[in-house]
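Q: Pasting a structure here, questions to come.
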2 protein chains.
Amino acid sequence: MATKTILALTPGHPGQLEALDKDYTILRLWKERDAEQAIKENASNIVALTTYLAPVRANLMDALPNLEIIAGGAVGFDHIDIQAAQDRQIIVTNTPDVLTDDTADLGITLMLTLMRRVVEGDAFIRAGLWTKTGFPLGHSLRGKTLGIVGMGAIGSALAERANAFGMHIVYYGPRKKDVPYPYFDDLASMAAKCDVLALTCPGGQGTKHLIDYNVLGHLGQKGYLINIARGSVVKQDDLLVALSNKIIAGAALDVYENEPNVPDAFFVMDNVVLTPHIGSATYETRTRMGAMVVENIRACLNGKAVPNPVTLEHIN
Amino acid sequence: MATKTILALTPGHPGQLEALDKDYTILRLWKERDAEQAIKENASNIVALTTYLAPVRANLMDALPNLEIIAGGAVGFDHIDIQAAQDRQIIVTNTPDVLTDDTADLGITLMLTLMRRVVEGDAFIRAGLWTKTGFPLGHSLRGKTLGIVGMGAIGSALAERANAFGMHIVYYGPRKKDVPYPYFDDLASMAAKCDVLALTCPGGQGTKHLIDYNVLGHLGQKGYLINIARGSVVKQDDLLVALSNKIIAGAALDVYENEPNVPDAFFVMDNVVLTPHIGSATYETRTRMGAMVVENIRACLNGKAVPNPVTLEHIN
């Protein structure tokens with residue numbers, strides 16, 4: 001009898017694959033010498049697929065005739081072709097909500113780290129410079145205006161935290177929300193009024209290159225950009241030019257256009273803070289996300305409704 | 001006619017000396033080739049002295065027979081010999097309250113930066129490692145217990161911020177305060193219950209080496225130390241041993257025992273975040289602190305009560 005096999009494109013979260021090991025065969029693709037061959041050999045047994053950020057396109061789905069579920073281990077799903085999955089009646093799931101707090105925490109962390117010059121200060125001390133020269137002053141968040149691009153769950157959570165630091169909040173998005181902050185329907189106009197612009201919107205075509213040279217010019221010389229959304233939201237080449245020419249004061253980025261590749265030009269800048277997509281990268285949250293992936297896969301394979309389905313409606 | 005002269009040991013805050021320039025002669029000591037000689041030549045005209053963190057001891061006071069005020073530009077004053085000043089009827093002032101928010105902001109910033117591995121992540125990307133290997137998970141603040149050592153103005157402000165990140169607060173100090181957090185009269189016992197220990201107490205003899213190997217041992221392998229108080233509060237050699245041997249998980253330090261000297265041994269550690277005493281180092285707050293120094297000096301020299309006197313009662 002063939003065993004039900006789960007294809008894991010990436011190692012998954014703490015405890016995730018171990019929890020599935022006892023009931024299913026797991027094909028750990030990153031351990032295979034010839035990934036294509038391994039998929040071919042196990043294709044008919046593979047009923048579930050799990051991925052973190054590795055893409056899942058139509059051609060992979062077509063190679064797996066018995067695939068029932070693509071269980072994504074992130075909140076974002078622009079790396080999964082939802083339309084192709086729906087056409088093939090494959091269920092897609094994600095891990096929503098659970099990473100809201102961590103991602104909002106990272107947003108305020110990046111803002112504080114950048115404006116208070118913490119990464120710069122750490123490098124200054126480690127280079128032995130403190131005994132030789134003074135360190136420049138940073139800026140307080142208090143009284144500054146924070147413009148949030150995308151007032152969803154993460155945007156709201158970021159606004160709450162920013163309130164605790166005495167910031168004024170405004171926001172931009174496709175529509176006005178039921179929140180107590182002023183709404184702008186024009187991004188450039190909002191940027192012109194902000195000290196900090198924080199991106200918390202979804203990725204995908206709808207927000208691609210929303211932040212370009214024009215918006216950055218409106219943000220201006222004293223303005224800071226924080227990106228905890230998706231790399232695609234920022235036209236990275238425009239940002240590089242804006243930072244080099246001091247069109248804006250600085251940027252803190254957790255996401256990039258072509259991860260894990262980050263342009264070398266960023267590496268020499270002291271007015272940027274760079275983190276490797278760690279919005280939800282805490283042991284506590286990743287453990288919960290792994291448990292959600294397991295629940296979605298188990299529900300699907302046992303013929304029950306999955307707790308966290310993603311459908312085309314979510315992206316339209 | 002001799003001009004009233006102000007001796008400035010350090011450059012002061014933005015706008016501070018410029019505001020005094022029009023009414024007084026300023027002796028900018030750091031610009032003098034022979035500081036001792038410059039003091040000797042101007043001694044009889046010097047009626048006020050201003051310092052940021054440079055020490056003011058009895059011998060300097062004795063060299064200035066007409067000194068009326070020592071206007072400190074910080075909230076701390078353990079670098080000024082208050083007893084010696086009082087014995088000589090010299091007024092001492094500081095700049096209290098105004099830096100509470102910035103210092104508490106830095107405390108939560110250091111906690112977030114350390115636990116979310118931001119400095120480490122930035123170095124990881126700049127070293128080009130992200131394309132080669134994975135980055136370790138950090139930790140969420142949510143649900144963790146924060147032990148505050150010294151529940152004064154800064155301690156309370158830190159507690160408020162930590163609340164916004166879902167932390168539980170406990171505190172230690174010489175006496176129970178009117179705050180809604182559990183009080184410990186034994187530091188080691190509290191450390192044993194904490195995930196994070198944050199120091200916000202005053203410096204000086206009363207708190208010298210409060211944090212030693214024993215307390216760090218109680219904080220334990222998963223515990224983090226944050227110091228935004230004074231370097232003297234921590235027995236630095238014990239901390240180095242505790243960090244090297246993973247007796248605690250990590251530390252974020254803004255202050256050191258012998259500033260601006262920081263032991264080289266810290267420089268190679270990836271579980272520490274080091275900042276160069278920037279608790280109040282924002283343009284906004286330093287500008288306000290400079291204005292307070294100016295007000296204290298003007299009041300004193302015009303025979304009025306100074307707004308921010310420091311007396312022996314403050315340290316006893």
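Naming works like this for the structure tokens: A, B, ... for the chains as they're shown, residue 1 at the start of each chain, ligands 1 onward in shown order.
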Could you please tell me, as a list of chain:residue names, which residues of chain A have an atom within 7 Å of chain B when using only C-alpha atoms?

A: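 The contacting residues on chain A are A:Asp102, A:Thr109, A:Leu112, A:Thr113, A:Val118, A:Val119, A:Gly121, A:Asp122, A:Ile125, A:Arg126, A:Trp130, A:Thr131, A:Leu137, A:Gly138, A:His139, A:Ser140, A:Arg161, A:Ala164, A:Pro260, A:Asn261, A:Phe267, A:Val273, A:Leu274, A:Thr275, A:Pro276, A:Ala281, A:Thr282, A:Tyr283, A:Glu284.
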
Q: I'd like the superposed chain B, fitted onto chain A by least squares over all Cα atoms in order, as a CSV table (one decimal) with C-alpha atoms, in the first residue's frame.

A:
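Below is the file result_11.csv, written as the result:
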chain,number,residue,atom,x,y,z
B,1,MET,CA,0.0,0.0,-0.1
B,2,ALA,CA,1.3,3.4,-1.0
B,3,THR,CA,1.9,5.8,1.9
B,4,LYS,CA,0.4,9.3,1.8
B,5,THR,CA,3.4,11.5,1.2
B,6,ILE,CA,3.8,15.2,2.1
B,7,LEU,CA,6.3,17.2,-0.1
B,8,ALA,CA,8.1,19.7,2.1
B,9,LEU,CA,9.9,22.3,-0.1
B,10,THR,CA,11.5,23.9,3.0
B,11,PRO,CA,12.4,22.7,6.5
B,12,GLY,CA,9.3,24.2,8.1
B,13,HIS,CA,8.9,25.7,11.5
B,14,PRO,CA,10.0,24.3,14.9
B,15,GLY,CA,8.3,21.0,15.5
B,16,GLN,CA,6.2,21.1,12.3
B,17,LEU,CA,7.5,18.2,10.2
B,18,GLU,CA,8.2,16.1,13.3
B,19,ALA,CA,4.5,16.4,14.2
B,20,LEU,CA,3.6,15.0,10.7
B,21,ASP,CA,6.4,12.3,10.6
B,22,LYS,CA,4.5,9.8,12.7
B,23,ASP,CA,1.4,9.6,10.3
B,24,TYR,CA,2.9,10.4,6.9
B,25,THR,CA,5.9,10.0,4.8
B,26,ILE,CA,7.7,13.3,4.4
B,27,LEU,CA,9.7,14.1,1.3
B,28,ARG,CA,12.2,16.7,2.5
B,29,LEU,CA,13.1,18.2,-0.9
B,30,TRP,CA,16.1,20.3,0.3
B,31,LYS,CA,17.8,17.1,1.3
B,32,GLU,CA,17.5,15.5,-2.1
B,33,ARG,CA,20.4,15.5,-4.4
B,34,ASP,CA,18.1,15.6,-7.5
B,35,ALA,CA,14.9,17.4,-6.5
B,36,GLU,CA,13.2,16.9,-9.9
B,37,GLN,CA,13.9,13.2,-9.9
B,38,ALA,CA,12.7,12.9,-6.3
B,39,ILE,CA,9.4,14.6,-7.2
B,40,LYS,CA,8.9,12.4,-10.3
B,41,GLU,CA,9.5,9.2,-8.3
B,42,ASN,CA,7.0,10.1,-5.6
B,43,ALA,CA,4.5,12.1,-7.6
B,44,SER,CA,1.6,9.7,-7.4
B,45,ASN,CA,1.9,9.4,-3.6
B,46,ILE,CA,2.2,13.2,-2.9
B,47,VAL,CA,-1.2,14.4,-1.5
B,48,ALA,CA,0.0,17.5,0.4
B,49,LEU,CA,2.7,20.1,-0.1
B,50,THR,CA,4.1,22.5,2.4
B,51,THR,CA,6.3,25.6,1.8
B,52,TYR,CA,7.4,28.6,3.7
B,53,LEU,CA,8.5,31.2,1.1
B,54,ALA,CA,9.6,28.9,-1.8
B,55,PRO,CA,7.3,29.5,-4.8
B,56,VAL,CA,4.6,27.0,-6.0
B,57,ARG,CA,3.6,27.6,-9.6
B,58,ALA,CA,1.3,25.7,-12.0
B,59,ASN,CA,4.0,23.5,-13.4
B,60,LEU,CA,4.8,22.0,-10.0
B,61,MET,CA,1.0,21.4,-9.4
B,62,ASP,CA,0.8,19.7,-12.8
B,63,ALA,CA,3.6,17.4,-11.8
B,64,LEU,CA,1.6,16.2,-8.8
B,65,PRO,CA,-1.6,14.6,-10.0
B,66,ASN,CA,-3.0,13.7,-6.5
B,67,LEU,CA,-2.1,16.9,-4.7
B,68,GLU,CA,-5.0,18.0,-2.5
B,69,ILE,CA,-3.5,20.8,-0.4
B,70,ILE,CA,-0.7,23.4,-0.6
B,71,ALA,CA,-0.2,24.4,3.1
B,72,GLY,CA,1.7,27.7,3.2
B,73,GLY,CA,3.6,28.4,6.4
B,74,ALA,CA,3.4,32.2,6.1
B,75,VAL,CA,0.7,34.8,6.2
B,76,GLY,CA,1.6,36.1,2.7
B,77,PHE,CA,0.8,33.9,-0.4
B,78,ASP,CA,2.0,35.8,-3.4
B,79,HIS,CA,4.5,33.0,-3.9
B,80,ILE,CA,1.7,30.6,-4.5
B,81,ASP,CA,-0.3,30.7,-7.7
B,82,ILE,CA,-3.8,30.7,-6.2
B,83,GLN,CA,-5.6,30.8,-9.5
B,84,ALA,CA,-3.7,27.8,-10.8
B,85,ALA,CA,-4.5,25.9,-7.6
B,86,GLN,CA,-8.2,26.8,-7.7
B,87,ASP,CA,-8.4,25.7,-11.4
B,88,ARG,CA,-7.0,22.3,-10.3
B,89,GLN,CA,-9.2,22.1,-7.2
B,90,ILE,CA,-6.2,22.2,-4.9
B,91,ILE,CA,-6.8,23.8,-1.5
B,92,VAL,CA,-4.4,26.5,-0.4
B,93,THR,CA,-3.9,27.5,3.2
B,94,ASN,CA,-1.9,30.1,5.1
B,95,THR,CA,-1.1,31.0,8.7
B,96,PRO,CA,-2.9,34.3,9.3
B,97,ASP,CA,-3.3,36.4,12.4
B,98,VAL,CA,-0.7,34.6,14.6
B,99,LEU,CA,2.1,36.7,13.3
B,100,THR,CA,0.4,40.1,13.6
B,101,ASP,CA,2.0,41.0,16.9
B,102,ASP,CA,5.5,39.9,16.0
B,103,THR,CA,5.4,41.7,12.7
B,104,ALA,CA,4.1,44.9,14.3
B,105,ASP,CA,6.7,44.6,17.0
B,106,LEU,CA,9.4,44.4,14.3
B,107,GLY,CA,8.0,47.4,12.6
B,108,ILE,CA,8.3,49.6,15.7
B,109,THR,CA,11.7,47.9,16.5
B,110,LEU,CA,13.1,48.9,13.1
B,111,MET,CA,11.7,52.5,13.5
B,112,LEU,CA,13.4,52.8,16.9
B,113,THR,CA,16.6,51.2,15.8
B,114,LEU,CA,16.9,53.4,12.7
B,115,MET,CA,15.9,56.7,14.3
B,116,ARG,CA,17.9,56.1,17.5
B,117,ARG,CA,20.9,54.9,15.5
B,118,VAL,CA,21.3,51.6,17.4
B,119,VAL,CA,22.9,49.5,14.6
B,120,GLU,CA,25.2,52.5,13.8
B,121,GLY,CA,26.1,52.8,17.5
B,122,ASP,CA,26.9,49.2,17.9
B,123,ALA,CA,29.2,49.3,14.9
B,124,PHE,CA,30.8,52.5,16.2
B,125,ILE,CA,31.7,50.9,19.5
B,126,ARG,CA,32.9,47.6,18.0
B,127,ALA,CA,35.2,49.6,15.6
B,128,GLY,CA,36.8,51.2,18.7
B,129,LEU,CA,35.7,54.7,17.6
B,130,TRP,CA,34.1,55.8,20.9
B,131,THR,CA,37.4,56.7,22.5
B,132,LYS,CA,38.3,58.8,19.5
B,133,THR,CA,35.2,60.8,18.4
B,134,GLY,CA,31.6,61.7,19.3
B,135,PHE,CA,28.6,59.9,18.1
B,136,PRO,CA,25.8,61.8,16.2
B,137,LEU,CA,22.4,62.5,17.8
B,138,GLY,CA,19.4,60.4,16.8
B,139,HIS,CA,15.8,61.4,16.7
B,140,SER,CA,12.8,60.8,19.1
B,141,LEU,CA,9.6,59.2,17.8
B,142,ARG,CA,7.6,61.4,20.0
B,143,GLY,CA,5.5,64.0,18.2
B,144,LYS,CA,6.4,62.6,14.8
B,145,THR,CA,3.8,61.7,12.2
B,146,LEU,CA,3.7,58.0,11.1
B,147,GLY,CA,2.0,57.2,7.8
B,148,ILE,CA,0.9,53.6,7.6
B,149,VAL,CA,0.4,52.2,4.1
B,150,GLY,CA,-2.2,49.5,4.4
B,151,MET,CA,-4.3,49.7,7.6
B,152,GLY,CA,-5.0,45.9,8.0
B,153,ALA,CA,-4.3,43.8,11.1
B,154,ILE,CA,-0.6,44.5,11.1
B,155,GLY,CA,-1.1,48.2,10.3
B,156,SER,CA,-3.5,48.6,13.2
B,157,ALA,CA,-1.2,46.7,15.6
B,158,LEU,CA,1.7,49.0,14.5
B,159,ALA,CA,-0.5,52.1,15.0
B,160,GLU,CA,-1.2,50.9,18.6
B,161,ARG,CA,2.4,50.6,19.4
B,162,ALA,CA,3.3,53.9,17.7
B,163,ASN,CA,0.7,55.5,19.9
B,164,ALA,CA,2.5,54.3,23.0
B,165,PHE,CA,5.6,56.2,21.7
B,166,GLY,CA,3.7,59.5,21.2
B,167,MET,CA,3.4,59.4,17.4
B,168,HIS,CA,0.6,60.8,15.3
B,169,ILE,CA,-0.9,58.3,13.0
B,170,VAL,CA,-2.3,58.8,9.4
B,171,TYR,CA,-2.9,56.1,6.8
B,172,TYR,CA,-3.3,55.3,3.1
B,173,GLY,CA,-5.0,52.4,1.5
B,174,PRO,CA,-7.6,51.4,-1.1
B,175,ARG,CA,-10.4,52.4,1.2
B,176,LYS,CA,-11.2,54.2,4.4
B,177,LYS,CA,-11.3,51.9,7.5
B,178,ASP,CA,-13.1,52.2,10.8
B,179,VAL,CA,-10.1,53.5,12.7
B,180,PRO,CA,-9.6,56.8,14.6
B,181,TYR,CA,-6.8,58.0,12.3
B,182,PRO,CA,-6.9,60.5,9.4
B,183,TYR,CA,-7.2,58.7,6.0
B,184,PHE,CA,-5.5,59.8,2.7
B,185,ASP,CA,-6.6,58.5,-0.7
B,186,ASP,CA,-3.4,59.9,-2.2
B,187,LEU,CA,-0.1,58.3,-1.2
B,188,ALA,CA,2.2,61.2,-2.3
B,189,SER,CA,0.2,63.7,-0.4
B,190,MET,CA,0.3,61.6,2.7
B,191,ALA,CA,4.1,61.1,2.3
B,192,ALA,CA,4.6,64.8,2.2
B,193,LYS,CA,3.0,65.1,5.7
B,194,CYS,CA,4.9,62.2,7.3
B,195,ASP,CA,8.2,61.8,9.2
B,196,VAL,CA,8.0,58.1,8.8
B,197,LEU,CA,6.3,56.0,6.2
B,198,ALA,CA,5.7,52.3,7.2
B,199,LEU,CA,4.6,49.7,4.7
B,200,THR,CA,2.2,47.0,6.0
B,201,CYS,CA,0.1,46.3,2.9
B,202,PRO,CA,-0.1,42.9,1.1
B,203,GLY,CA,2.3,42.2,-1.8
B,204,GLY,CA,1.3,41.1,-5.3
B,205,GLN,CA,0.4,43.1,-8.4
B,206,GLY,CA,-2.0,45.5,-6.7
B,207,THR,CA,0.8,47.1,-4.7
B,208,LYS,CA,3.8,46.5,-6.9
B,209,HIS,CA,6.2,49.5,-6.9
B,210,LEU,CA,3.8,51.6,-4.9
B,211,ILE,CA,6.8,53.3,-3.4
B,212,ASP,CA,8.8,54.9,-6.1
B,213,TYR,CA,11.1,58.0,-6.5
B,214,ASN,CA,8.1,60.3,-6.6
B,215,VAL,CA,6.7,59.1,-3.3
B,216,LEU,CA,10.2,59.1,-1.7
B,217,GLY,CA,10.7,62.7,-2.9
B,218,HIS,CA,7.5,63.7,-1.1
B,219,LEU,CA,8.6,61.9,2.1
B,220,GLY,CA,11.7,64.1,1.9
B,221,GLN,CA,15.1,64.7,3.5
B,222,LYS,CA,13.9,64.2,7.1
B,223,GLY,CA,11.7,61.2,6.3
B,224,TYR,CA,12.3,57.5,7.1
B,225,LEU,CA,10.9,54.5,5.2
B,226,ILE,CA,10.1,51.2,7.0
B,227,ASN,CA,9.2,48.1,5.0
B,228,ILE,CA,7.8,45.1,6.8
B,229,ALA,CA,5.4,44.3,4.0
B,230,ARG,CA,6.8,42.7,0.8
B,231,GLY,CA,9.9,43.7,-1.2
B,232,SER,CA,7.7,44.2,-4.3
B,233,VAL,CA,6.0,47.2,-2.8
B,234,VAL,CA,9.1,49.3,-3.1
B,235,LYS,CA,10.9,50.0,-6.4
B,236,GLN,CA,14.3,49.1,-5.0
B,237,ASP,CA,16.4,50.9,-7.5
B,238,ASP,CA,14.5,54.1,-6.8
B,239,LEU,CA,15.1,53.6,-3.1
B,240,LEU,CA,18.8,53.1,-3.6
B,241,VAL,CA,19.1,56.4,-5.5
B,242,ALA,CA,17.0,58.2,-2.9
B,243,LEU,CA,19.2,56.9,-0.1
B,244,SER,CA,22.5,57.7,-1.9
B,245,ASN,CA,21.4,61.2,-2.7
B,246,LYS,CA,19.9,61.9,0.8
B,247,ILE,CA,16.5,62.4,-0.8
B,248,ILE,CA,15.2,60.7,2.3
B,249,ALA,CA,16.9,60.4,5.7
B,250,GLY,CA,17.0,56.6,6.0
B,251,ALA,CA,15.3,53.3,5.6
B,252,ALA,CA,14.9,50.1,7.6
B,253,LEU,CA,14.0,47.0,5.5
B,254,ASP,CA,13.0,43.5,6.4
B,255,VAL,CA,12.0,42.6,2.9
B,256,TYR,CA,13.6,43.0,-0.5
B,257,GLU,CA,12.6,42.7,-4.2
B,258,ASN,CA,14.7,39.6,-4.9
B,259,GLU,CA,15.2,37.8,-1.5
B,260,PRO,CA,17.6,36.5,-0.3
B,261,ASN,CA,19.6,38.7,-2.7
B,262,VAL,CA,20.1,42.2,-1.3
B,263,PRO,CA,22.0,44.8,-3.5
B,264,ASP,CA,25.5,45.4,-2.4
B,265,ALA,CA,24.9,49.1,-2.6
B,266,PHE,CA,23.0,48.9,0.7
B,267,PHE,CA,25.9,47.3,2.6
B,268,VAL,CA,28.0,50.5,2.8
B,269,MET,CA,25.2,52.8,3.9
B,270,ASP,CA,25.0,53.9,7.5
B,271,ASN,CA,21.5,55.3,7.2
B,272,VAL,CA,19.9,51.9,6.6
B,273,VAL,CA,19.0,48.9,8.9
B,274,LEU,CA,18.7,45.6,7.1
B,275,THR,CA,17.1,42.5,8.5
B,276,PRO,CA,16.6,39.1,6.8
B,277,HIS,CA,12.8,38.8,6.6
B,278,ILE,CA,12.3,38.2,10.3
B,279,GLY,CA,8.9,39.8,10.7
B,280,SER,CA,7.5,36.6,12.3
B,281,ALA,CA,10.9,35.0,13.1
B,282,THR,CA,10.4,34.3,16.8
B,283,TYR,CA,10.6,30.9,18.2
B,284,GLU,CA,7.2,31.4,19.9
B,285,THR,CA,5.3,32.5,16.7
B,286,ARG,CA,7.0,30.1,14.3
B,287,THR,CA,6.1,27.2,16.6
B,288,ARG,CA,2.5,28.3,16.5
B,289,MET,CA,2.7,28.7,12.7
B,290,GLY,CA,4.0,25.2,12.3
B,291,ALA,CA,1.1,23.9,14.4
B,292,MET,CA,-1.3,25.7,12.0
B,293,VAL,CA,0.3,24.1,9.0
B,294,VAL,CA,-0.1,20.7,10.6
B,295,GLU,CA,-3.7,21.4,11.4
B,296,ASN,CA,-4.5,22.4,7.9
B,297,ILE,CA,-2.9,19.4,6.4
B,298,ARG,CA,-4.5,17.0,8.8
B,299,ALA,CA,-8.0,18.5,8.3
B,300,CYS,CA,-7.7,18.3,4.5
B,301,LEU,CA,-6.3,14.7,4.4
B,302,ASN,CA,-9.1,13.6,6.8
B,303,GLY,CA,-11.7,15.1,4.6
B,304,LYS,CA,-12.6,18.0,7.0
B,305,ALA,CA,-12.8,21.7,6.3
B,306,VAL,CA,-9.4,23.4,6.6
B,307,PRO,CA,-9.2,26.2,9.3
B,308,ASN,CA,-7.2,28.7,7.1
B,309,PRO,CA,-8.3,28.5,3.4
B,310,VAL,CA,-7.0,31.1,0.9
B,311,THR,CA,-9.2,31.7,-2.1
B,312,LEU,CA,-9.2,34.1,-5.0
B,313,GLU,CA,-11.4,36.4,-3.1
B,314,HIS,CA,-8.6,37.1,-0.7
B,315,ILE,CA,-6.5,38.6,-3.5
B,316,ASN,CA,-9.2,40.4,-5.4

Q: Give the strand (DSSP E or B) residues of stretch 128-313 of chain A, as assigned by DSSP on the backbone, as a PyMOL selection string.

A: chain A and resi 138+145-149+168-172+183-184+196-199+211+224-227+234+250-253+258+261+272-274+282+309
